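Asker: Structure file protein-v1.txt (compact mmCIF, C-alpha atoms) is given on the next line.
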```txt
# COMPACT_ATOMS: atom_id res chain seq x y z
CA MET A 1 -16.55 10.70 32.04
CA LEU A 2 -14.69 7.99 33.97
CA ALA A 3 -17.91 5.99 34.11
CA GLY A 4 -18.27 6.14 30.32
CA PHE A 5 -14.64 5.13 29.94
CA ALA A 6 -14.96 2.18 32.39
CA ILE A 7 -18.15 0.81 30.84
CA THR A 8 -16.70 0.91 27.33
CA VAL A 9 -13.52 -0.85 28.43
CA ALA A 10 -15.60 -3.48 30.24
CA VAL A 11 -17.98 -4.31 27.37
CA GLN A 12 -15.33 -3.71 24.65
CA SER A 13 -17.84 -1.86 22.48
CA SER A 14 -18.56 1.86 22.19
CA SER A 15 -21.83 1.02 20.41
CA ALA A 16 -22.98 -1.09 23.35
CA SER A 17 -22.02 1.52 25.95
CA THR A 18 -23.69 4.27 23.90
CA GLY A 19 -26.79 2.07 23.73
CA ILE A 20 -26.74 1.73 27.52
CA LEU A 21 -26.42 5.50 27.88
CA LEU A 22 -29.39 6.08 25.56
CA ALA A 23 -31.47 3.49 27.41
CA LEU A 24 -30.81 5.26 30.71
CA ALA A 25 -31.68 8.61 29.09
CA ILE A 26 -34.97 7.19 27.76
CA GLU A 27 -35.91 6.18 31.32
CA GLY A 28 -35.07 9.67 32.53
CA LEU A 29 -32.26 8.43 34.78
CA ILE A 30 -29.53 10.62 33.28
CA PRO A 31 -29.75 14.36 32.52
CA ILE A 32 -27.89 15.83 29.59
CA SER A 33 -25.38 17.47 31.98
CA SER A 34 -24.22 13.97 32.96
CA GLY A 35 -24.87 12.37 29.58
CA LEU A 36 -22.32 14.44 27.68
CA PRO A 37 -19.34 13.71 29.97
CA ILE A 38 -20.27 9.99 29.85
CA LEU A 39 -20.37 10.23 26.06
CA PHE A 40 -16.90 11.81 26.06
CA GLY A 41 -15.64 9.00 28.29
CA ILE A 42 -17.07 6.43 25.88
CA ASN A 43 -15.05 7.96 23.05
CA ILE A 44 -11.88 7.62 25.12
CA GLY A 45 -12.78 4.05 26.16
CA THR A 46 -13.24 2.90 22.59
CA THR A 47 -9.57 3.60 21.91
CA ILE A 48 -8.62 0.87 24.38
CA THR A 49 -10.59 -1.64 22.29
CA ALA A 50 -8.56 -0.73 19.22
CA MET A 51 -5.29 -0.92 21.15
CA LEU A 52 -6.14 -4.37 22.54
CA SER A 53 -7.08 -5.53 19.04
CA SER A 54 -3.67 -4.40 17.73
CA ILE A 55 -1.76 -6.66 20.15
CA GLY A 56 0.07 -9.22 18.07
CA ALA A 57 -0.88 -7.43 14.83
CA ASN A 58 1.49 -5.90 12.28
CA ILE A 59 3.10 -2.48 12.54
CA ALA A 60 0.44 -0.80 10.40
CA ALA A 61 -2.32 -2.03 12.75
CA LYS A 62 -0.42 -0.82 15.83
CA ARG A 63 0.09 2.58 14.24
CA ALA A 64 -3.59 2.79 13.30
CA ALA A 65 -4.49 2.08 16.94
CA ALA A 66 -2.05 4.78 18.09
CA VAL A 67 -3.59 7.32 15.72
CA HIS A 68 -7.08 6.34 16.89
CA PHE A 69 -6.04 6.82 20.52
CA VAL A 70 -4.51 10.27 20.00
CA PHE A 71 -7.34 11.40 17.70
CA ASN A 72 -10.05 10.58 20.26
CA ILE A 73 -8.09 11.91 23.25
CA VAL A 74 -7.37 15.24 21.55
CA GLY A 75 -10.97 15.51 20.32
CA THR A 76 -12.39 14.74 23.76
CA LEU A 77 -10.14 17.29 25.49
CA LEU A 78 -11.13 19.83 22.85
CA PHE A 79 -14.81 19.38 23.65
CA ILE A 80 -14.38 19.20 27.44
CA PHE A 81 -12.41 22.44 27.75
CA ILE A 82 -13.50 24.49 24.73
CA LEU A 83 -16.55 23.24 22.85
CA GLN A 84 -18.71 21.70 25.58
CA TYR A 85 -20.98 24.70 26.13
CA PRO A 86 -21.40 25.50 22.41
CA LEU A 87 -22.35 21.83 22.00
CA TYR A 88 -24.97 22.16 24.80
CA TRP A 89 -26.43 25.17 23.03
CA ILE A 90 -26.61 23.48 19.60
CA ILE A 91 -28.23 20.23 20.79
CA SER A 92 -30.75 22.11 22.95
CA ILE A 93 -31.91 23.90 19.79
CA ILE A 94 -31.97 20.71 17.70
CA ASN A 95 -33.76 18.57 20.32
CA PRO A 96 -35.31 20.83 22.97
CA GLY A 97 -36.37 18.85 26.06
CA ASP A 98 -35.40 15.49 24.52
CA VAL A 99 -32.34 14.16 26.38
CA THR A 100 -32.12 11.01 24.21
CA GLY A 101 -32.18 13.06 21.01
CA GLN A 102 -29.66 15.51 22.45
CA ILE A 103 -27.20 12.70 23.27
CA ALA A 104 -27.62 11.20 19.80
CA SER A 105 -27.13 14.62 18.17
CA ALA A 106 -24.11 15.31 20.39
CA HIS A 107 -22.57 12.01 19.33
CA ILE A 108 -22.90 12.88 15.63
CA ILE A 109 -21.70 16.47 16.08
CA PHE A 110 -18.77 15.33 18.24
CA ASN A 111 -17.43 12.91 15.62
CA ILE A 112 -18.03 15.13 12.58
CA THR A 113 -16.50 18.19 14.29
CA ASN A 114 -13.49 16.21 15.48
CA THR A 115 -12.87 14.93 11.98
CA LEU A 116 -13.16 18.36 10.35
CA ILE A 117 -10.91 20.03 12.92
CA LEU A 118 -8.24 17.34 13.17
CA LEU A 119 -8.10 16.11 9.56
CA PRO A 120 -5.66 18.89 8.50
CA PHE A 121 -3.28 17.52 11.16
CA ALA A 122 -3.31 13.97 9.73
CA GLY A 123 0.39 14.24 8.88
CA SER A 124 1.19 15.04 12.52
CA PHE A 125 -0.77 11.98 13.66
CA VAL A 126 1.19 9.80 11.23
CA TYR A 127 4.48 11.27 12.49
CA PHE A 128 3.45 10.56 16.09
CA ALA A 129 2.42 6.99 15.25
CA LYS A 130 5.75 6.26 13.55
CA LYS A 131 7.63 7.61 16.57
CA VAL A 132 5.57 5.61 19.05
CA VAL A 133 5.63 2.44 16.91
CA PRO A 134 8.98 2.48 15.08
CA GLY A 135 10.08 -0.02 12.45
CA GLU A 136 9.46 -0.90 8.83
CA GLU A 137 6.02 -2.00 7.70
CA GLU A 138 5.98 -5.62 6.61
CA ILE A 139 4.74 -6.43 3.14
CA LYS A 140 3.20 -9.84 3.44
CA GLY A 141 0.19 -11.46 1.87
CA VAL A 142 -2.73 -10.11 -0.07
CA LYS A 143 -4.45 -6.85 0.90
CA TYR A 144 -7.66 -6.63 -1.12
CA ILE A 145 -8.92 -10.00 -2.34
CA ASP A 146 -11.20 -12.16 -0.20
CA ASP A 147 -13.09 -15.34 -1.11
CA ARG A 148 -16.27 -13.88 0.38
CA ILE A 149 -16.27 -11.14 -2.28
CA LEU A 150 -16.49 -13.81 -5.00
CA GLU A 151 -20.23 -13.90 -4.33
CA THR A 152 -20.28 -10.53 -6.13
CA PRO A 153 -18.01 -11.13 -9.16
CA ALA A 154 -18.09 -7.52 -10.41
CA ILE A 155 -16.67 -6.27 -7.10
CA ALA A 156 -14.25 -9.21 -6.95
CA LEU A 157 -12.84 -8.16 -10.32
CA VAL A 158 -12.22 -4.62 -9.06
CA THR A 159 -10.45 -5.88 -5.94
CA THR A 160 -8.40 -8.29 -8.06
CA ILE A 161 -7.13 -5.40 -10.19
CA ARG A 162 -6.21 -3.52 -7.00
CA GLU A 163 -4.35 -6.58 -5.75
CA VAL A 164 -2.46 -6.91 -9.04
CA LEU A 165 -1.39 -3.26 -8.71
CA HIS A 166 -0.34 -3.96 -5.11
CA MET A 167 1.79 -6.86 -6.35
CA GLY A 168 3.27 -4.58 -8.99
CA ASN A 169 4.23 -2.03 -6.34
CA VAL A 170 5.89 -4.71 -4.20
CA ALA A 171 7.89 -5.76 -7.27
CA LYS A 172 8.84 -2.09 -7.72
CA GLN A 173 10.14 -1.96 -4.14
CA THR A 174 12.04 -5.19 -4.80
CA LEU A 175 13.72 -3.57 -7.80
CA ASN A 176 14.54 -0.35 -5.95
CA ALA A 177 16.14 -2.25 -3.08
CA ALA A 178 18.20 -4.36 -5.50
CA PHE A 179 19.40 -1.26 -7.36
CA GLU A 180 20.37 0.49 -4.11
CA GLY A 181 22.19 -2.64 -3.01
CA PHE A 182 24.19 -2.65 -6.25
CA PHE A 183 24.96 1.05 -6.68
CA ASN A 184 25.54 1.78 -2.96
CA CYS A 185 27.06 -1.60 -1.95
CA ASP A 186 24.32 -1.79 0.69
CA GLN A 187 23.99 -5.27 2.21
CA LYS A 188 20.73 -4.40 4.01
CA LYS A 189 19.10 -3.40 0.73
CA ILE A 190 20.22 -6.63 -0.91
CA ASP A 191 18.66 -8.63 1.94
CA GLU A 192 15.51 -6.51 1.72
CA SER A 193 15.23 -7.14 -2.02
CA LEU A 194 15.55 -10.91 -1.58
CA ARG A 195 12.92 -10.85 1.17
CA LEU A 196 10.52 -8.76 -0.91
CA GLU A 197 10.97 -11.09 -3.87
CA GLN A 198 9.56 -13.90 -1.72
CA SER A 199 6.53 -11.68 -1.03
CA VAL A 200 6.07 -11.19 -4.79
CA ASN A 201 6.09 -14.98 -5.26
CA GLU A 202 3.50 -15.44 -2.49
CA LEU A 203 1.28 -12.76 -3.98
CA GLU A 204 1.54 -14.38 -7.40
CA ARG A 205 0.44 -17.77 -6.01
CA ASP A 206 -2.45 -16.29 -4.03
CA LEU A 207 -3.59 -14.15 -6.95
CA ALA A 208 -3.38 -17.04 -9.41
CA ASP A 209 -5.60 -19.18 -7.16
CA TYR A 210 -8.06 -16.32 -6.72
CA ILE A 211 -8.19 -15.53 -10.45
CA VAL A 212 -9.04 -19.17 -11.19
CA LYS A 213 -11.88 -19.00 -8.67
CA LEU A 214 -13.08 -15.70 -10.14
CA SER A 215 -12.97 -17.16 -13.65
CA ASN A 216 -15.34 -19.92 -12.52
CA THR A 217 -17.98 -17.49 -11.29
CA SER A 218 -20.87 -16.15 -13.39
CA ILE A 219 -19.03 -13.30 -15.10
CA SER A 220 -19.57 -11.89 -18.57
CA LYS A 221 -17.46 -12.89 -21.57
CA ARG A 222 -15.76 -9.48 -21.56
CA ASP A 223 -14.91 -9.75 -17.85
CA ARG A 224 -13.62 -13.28 -18.38
CA GLU A 225 -11.22 -11.95 -21.02
CA ARG A 226 -10.11 -9.24 -18.60
CA VAL A 227 -9.49 -11.91 -15.94
CA ASP A 228 -7.41 -13.92 -18.42
CA GLY A 229 -5.37 -10.80 -19.15
CA LEU A 230 -4.72 -10.29 -15.43
CA PHE A 231 -3.44 -13.85 -15.19
CA HIS A 232 -0.75 -13.04 -17.77
CA THR A 233 0.00 -9.73 -16.05
CA ILE A 234 0.75 -11.28 -12.66
CA ASN A 235 3.10 -13.68 -14.41
CA ASP A 236 4.96 -10.72 -15.93
CA ILE A 237 5.15 -8.97 -12.56
CA GLU A 238 6.46 -12.15 -10.93
CA ARG A 239 9.17 -12.32 -13.59
CA VAL A 240 10.09 -8.70 -12.82
CA GLY A 241 10.58 -9.82 -9.21
CA ASP A 242 12.81 -12.66 -10.43
CA HIS A 243 15.00 -10.21 -12.35
CA ALA A 244 15.18 -8.02 -9.24
CA GLU A 245 16.44 -11.09 -7.38
CA ASN A 246 19.05 -11.63 -10.11
CA ILE A 247 20.23 -8.04 -9.74
CA ALA A 248 20.39 -8.44 -5.94
CA GLU A 249 22.57 -11.53 -6.44
CA ILE A 250 24.79 -9.56 -8.85
CA ALA A 251 25.11 -6.88 -6.16
CA GLN A 252 26.01 -9.54 -3.59
CA TYR A 253 28.71 -10.97 -5.85
CA LYS A 254 30.04 -7.46 -6.45
CA ILE A 255 30.35 -6.84 -2.70
CA ASP A 256 31.76 -10.27 -1.84
CA ASN A 257 34.47 -10.03 -4.50
CA LYS A 258 35.14 -6.30 -4.06
CA LEU A 259 34.64 -5.66 -7.77
CA ILE A 260 35.03 -2.16 -9.14
CA PHE A 261 33.35 -0.62 -12.19
CA SER A 262 34.68 2.29 -14.20
CA GLU A 263 32.81 5.58 -13.82
CA THR A 264 31.64 5.29 -17.44
CA ALA A 265 30.21 1.80 -16.88
CA PHE A 266 28.58 2.89 -13.63
CA ASN A 267 26.88 5.85 -15.31
CA GLU A 268 25.73 3.72 -18.25
CA LEU A 269 24.09 1.20 -15.90
CA ASN A 270 22.45 3.95 -13.87
CA ASN A 271 21.03 5.68 -16.95
CA MET A 272 19.66 2.46 -18.42
CA LYS A 273 18.17 1.58 -15.04
CA ASP A 274 16.30 4.91 -14.93
CA VAL A 275 14.80 4.33 -18.39
CA VAL A 276 13.69 0.79 -17.52
CA MET A 277 12.18 1.79 -14.15
CA SER A 278 10.30 4.62 -15.83
CA ALA A 279 8.84 2.14 -18.34
CA TYR A 280 7.83 -0.29 -15.61
CA LEU A 281 6.16 2.39 -13.49
CA ASP A 282 4.36 3.72 -16.57
CA SER A 283 3.05 0.22 -17.29
CA LEU A 284 1.55 0.02 -13.78
CA THR A 285 -0.02 3.47 -14.15
CA ALA A 286 -1.41 2.49 -17.55
CA LEU A 287 -2.90 -0.64 -15.96
CA LYS A 288 -4.44 1.37 -13.14
CA ASN A 289 -6.01 4.02 -15.38
CA LEU A 290 -6.45 1.99 -18.60
CA ASP A 291 -4.32 4.68 -20.24
CA GLU A 292 -3.85 3.78 -23.90
CA SER A 293 -1.36 6.56 -24.68
CA LEU A 294 0.83 5.63 -21.71
CA ALA A 295 0.74 1.95 -22.71
CA LEU A 296 1.90 2.90 -26.21
CA LYS A 297 4.69 4.96 -24.67
CA VAL A 298 5.88 1.90 -22.70
CA ILE A 299 5.98 -0.22 -25.85
CA LYS A 300 7.94 2.49 -27.64
CA THR A 301 10.36 2.71 -24.69
CA GLU A 302 10.92 -1.06 -24.90
CA GLY A 303 12.36 -0.61 -28.38
CA ARG A 304 14.58 2.18 -27.06
CA VAL A 305 15.81 -0.09 -24.24
CA ASP A 306 16.73 -2.80 -26.77
CA SER A 307 18.82 -0.23 -28.62
CA ILE A 308 20.46 0.98 -25.40
CA GLU A 309 21.28 -2.61 -24.40
CA LYS A 310 23.01 -3.29 -27.72
CA THR A 311 24.98 -0.04 -27.50
CA LEU A 312 26.11 -0.65 -23.92
CA ARG A 313 27.06 -4.23 -24.71
CA SER A 314 29.19 -3.05 -27.64
CA ASN A 315 30.77 -0.24 -25.60
CA HIS A 316 31.64 -2.56 -22.74
CA ILE A 317 33.19 -5.21 -24.95
CA ALA A 318 35.35 -2.44 -26.40
CA ARG A 319 36.45 -1.42 -22.88
CA LEU A 320 37.27 -5.04 -22.09
CA ASN A 321 39.41 -5.27 -25.22
CA LYS A 322 41.26 -2.13 -24.15
CA GLN A 323 41.64 -3.62 -20.62
CA GLN A 324 39.87 -0.63 -19.07
CA CYS A 325 37.95 -2.94 -16.70
CA ASN A 326 38.50 -6.48 -15.43
CA THR A 327 36.75 -9.56 -16.80
CA SER A 328 34.68 -10.33 -13.68
CA SER A 329 33.22 -6.82 -13.61
CA GLY A 330 32.56 -7.11 -17.34
CA ILE A 331 30.52 -10.29 -16.90
CA LEU A 332 28.42 -8.65 -14.16
CA PHE A 333 27.89 -5.61 -16.37
CA LEU A 334 26.52 -7.75 -19.19
CA ASP A 335 24.31 -9.72 -16.77
CA PHE A 336 22.98 -6.47 -15.33
CA ILE A 337 21.95 -4.94 -18.65
CA SER A 338 20.48 -8.27 -19.77
CA ASN A 339 18.20 -8.30 -16.70
CA LEU A 340 17.24 -4.67 -17.31
CA GLU A 341 16.30 -5.49 -20.89
CA ARG A 342 14.12 -8.39 -19.74
CA ILE A 343 12.35 -6.14 -17.18
CA SER A 344 11.56 -3.76 -20.03
CA ASP A 345 10.12 -6.68 -22.03
CA HIS A 346 7.76 -7.56 -19.17
CA ALA A 347 6.72 -3.91 -18.80
CA ALA A 348 5.85 -3.97 -22.51
CA ASN A 349 3.82 -7.15 -21.98
CA ILE A 350 1.82 -5.42 -19.24
CA ALA A 351 1.27 -2.47 -21.60
CA MET A 352 0.06 -4.84 -24.34
CA ALA A 353 -2.45 -6.34 -21.89
CA VAL A 354 -3.68 -2.80 -21.18
CA LEU A 355 -4.16 -2.16 -24.90
CA ASP A 356 -6.12 -5.43 -25.20
CA GLU A 357 -8.34 -4.35 -22.32
CA VAL A 358 -8.90 -0.93 -23.89
CA LYS A 359 -10.09 -2.70 -27.05
CA LEU A 360 -12.54 -4.75 -24.97
CA ALA A 361 -13.91 -1.59 -23.39
CA SER A 362 -14.42 0.18 -26.75
```
Represent the structure contained in this file as structure tokens.
Answerer:
Amino acid sequence: MLAGFAITVAVQSSSASTGILLALAIEGLIPISSGLPILFGINIGTTITAMLSSIGANIAAKRAAAVHFVFNIVGTLLFIFILQYPLYWIISIINPGDVTGQIASAHIIFNITNTLILLPFAGSFVYFAKKVVPGEEEIKGVKYIDDRILETPAIALVTTIREVLHMGNVAKQTLNAAFEGFFNCDQKKIDESLRLEQSVNELERDLADYIVKLSNTSISKRDRERVDGLFHTINDIERVGDHAENIAEIAQYKIDNKLIFSETAFNELNNMKDVVMSAYLDSLTALKNLDESLALKVIKTEGRVDSIEKTLRSNHIARLNKQQCNTSSGILFLDFISNLERISDHAANIAMAVLDEVKLAS
């Protein structure tokens, strides 16, 4: 087992070390009684390759390497102490007298069995990885698009849609952080929102460049119209990020100047925020699933938000006239609901793009 581990670490490839093992088996230099422990050692050694690859990588990569390490160690120990002899019995039936075939079969059975046994404990592996590699995952750069995929435009279009949804989710996190910063007077959340907004801007630039490249490939007229729609959608998502930044700045001003809102005003803002966030999330879901009914719901909600904005504006002006809140807080209140109303507008724009795409598909 140590030999299998050492060879894999040395050549930095489990495939290469497995190939060496099979070559030795073909020449009759290794019996199956030695081949299996070497194979187990190879599966431990391959975890070192992943861990070395994660050096200097982001938190997600380090956690993936940690999960890979624990998964293979637990699986190997399971086979060494419990399942080794059942494995001998199975491979001797599948490939009687053929050591090379037995090693190959053992390799397949080992990995499939490990996966089936350990998959239900995936949550425990994630918990372990987060404990071993603490910290917040960084959201930076594109996740799905790649210039090499442009050679296959149909696949590139699918990955572009996934990237647009990823951008939409980052904008959602930007909004959530800004709202928490405002309602909880949380400086860390304000800083997080401003940082995430920069990520939204970067994603918008990268996606815009990629969409232009995709548009210049040999795609159908219908797909070209879909690409054009995505271009407008990323602009709407970027504007949502801008409004999140505005709300974060409102929260910062509120903290710096120790401004206080009445309980009524606070509840009104919170309720309107919930309606707007629901509309925005529905627009992303409608985009993901091309859900016509959900897109129509978002557009209907936009009209409701306009009505709420007018009502809250009127109510707050009345409170100002009665001197129930100070002028500075009143200005922030009006800025806040104005930004919420604009976010709802952009959610409606995304929903309209979905409806246009549904028409193209019909």
Asker: For Val170 in chain A, which residue out of A:Thr152, A:Asn111, A:Gln198, A:Gln323 is the nearest one, using all atoms listed in the file?
Answerer: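 Under the stated criterion, the closest residue is A:Gln198.
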Asker: Counting only C-alpha atoms, which residue out of A:Ala347, A:Glu292, A:Lys310, A:Lys300 sits closest to Lys359 in chain A?
Answerer: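 That would be A:Glu292, the residue with the smallest distance to Lys359 in chain A.
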Asker: What is the CA of Gly141 in chain A to CA of Glu249 in chain A distance in Å?
Answerer: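 It comes out at 23.9 Å.
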Asker: Leaving out range 44-50 of chain A and any residue of its chain fewer than 5 positions from it, which residues lie within 7 Å of it when counting all atoms listed in the file, given as a list of chain:residue names?
Answerer: A:Phe5, A:Ala6, A:Thr8, A:Val9, A:Gln12, A:Ser13, A:Ser14, A:Ala65, A:His68, A:Phe69, A:Asn72, A:Ile73
Asker: Smallest atom-to-atom distance to Gly181 in chain A: which of A:Ala23, A:Ile211, A:Ile255, A:Ala156, using all atoms listed in the file?
Answerer: A:Ile255
Asker: Quote the spacing between CA of Asn326 in chain A and CA of Asn339 in chain A in Å to one decimal place.
Answerer: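 Taking CA of Asn326 in chain A as the start and CA of Asn339 in chain A as the end point, the length is 20.4 Å.
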Asker: Nearest residue to Val275 in chain A out of A:Thr160, A:Asn257, A:Thr301, A:Gln252, using all atoms listed in the file?
Answerer: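 Smallest distance to Val275 in chain A is found for A:Thr301.
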Asker: If you measure from CA of Asn246 in chain A to CA of Phe336 in chain A, what distance in Å do you get, rounded to one decimal?
Answerer: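 Spanning CA of Asn246 in chain A to CA of Phe336 in chain A is a straight-line distance of 8.3 Å.
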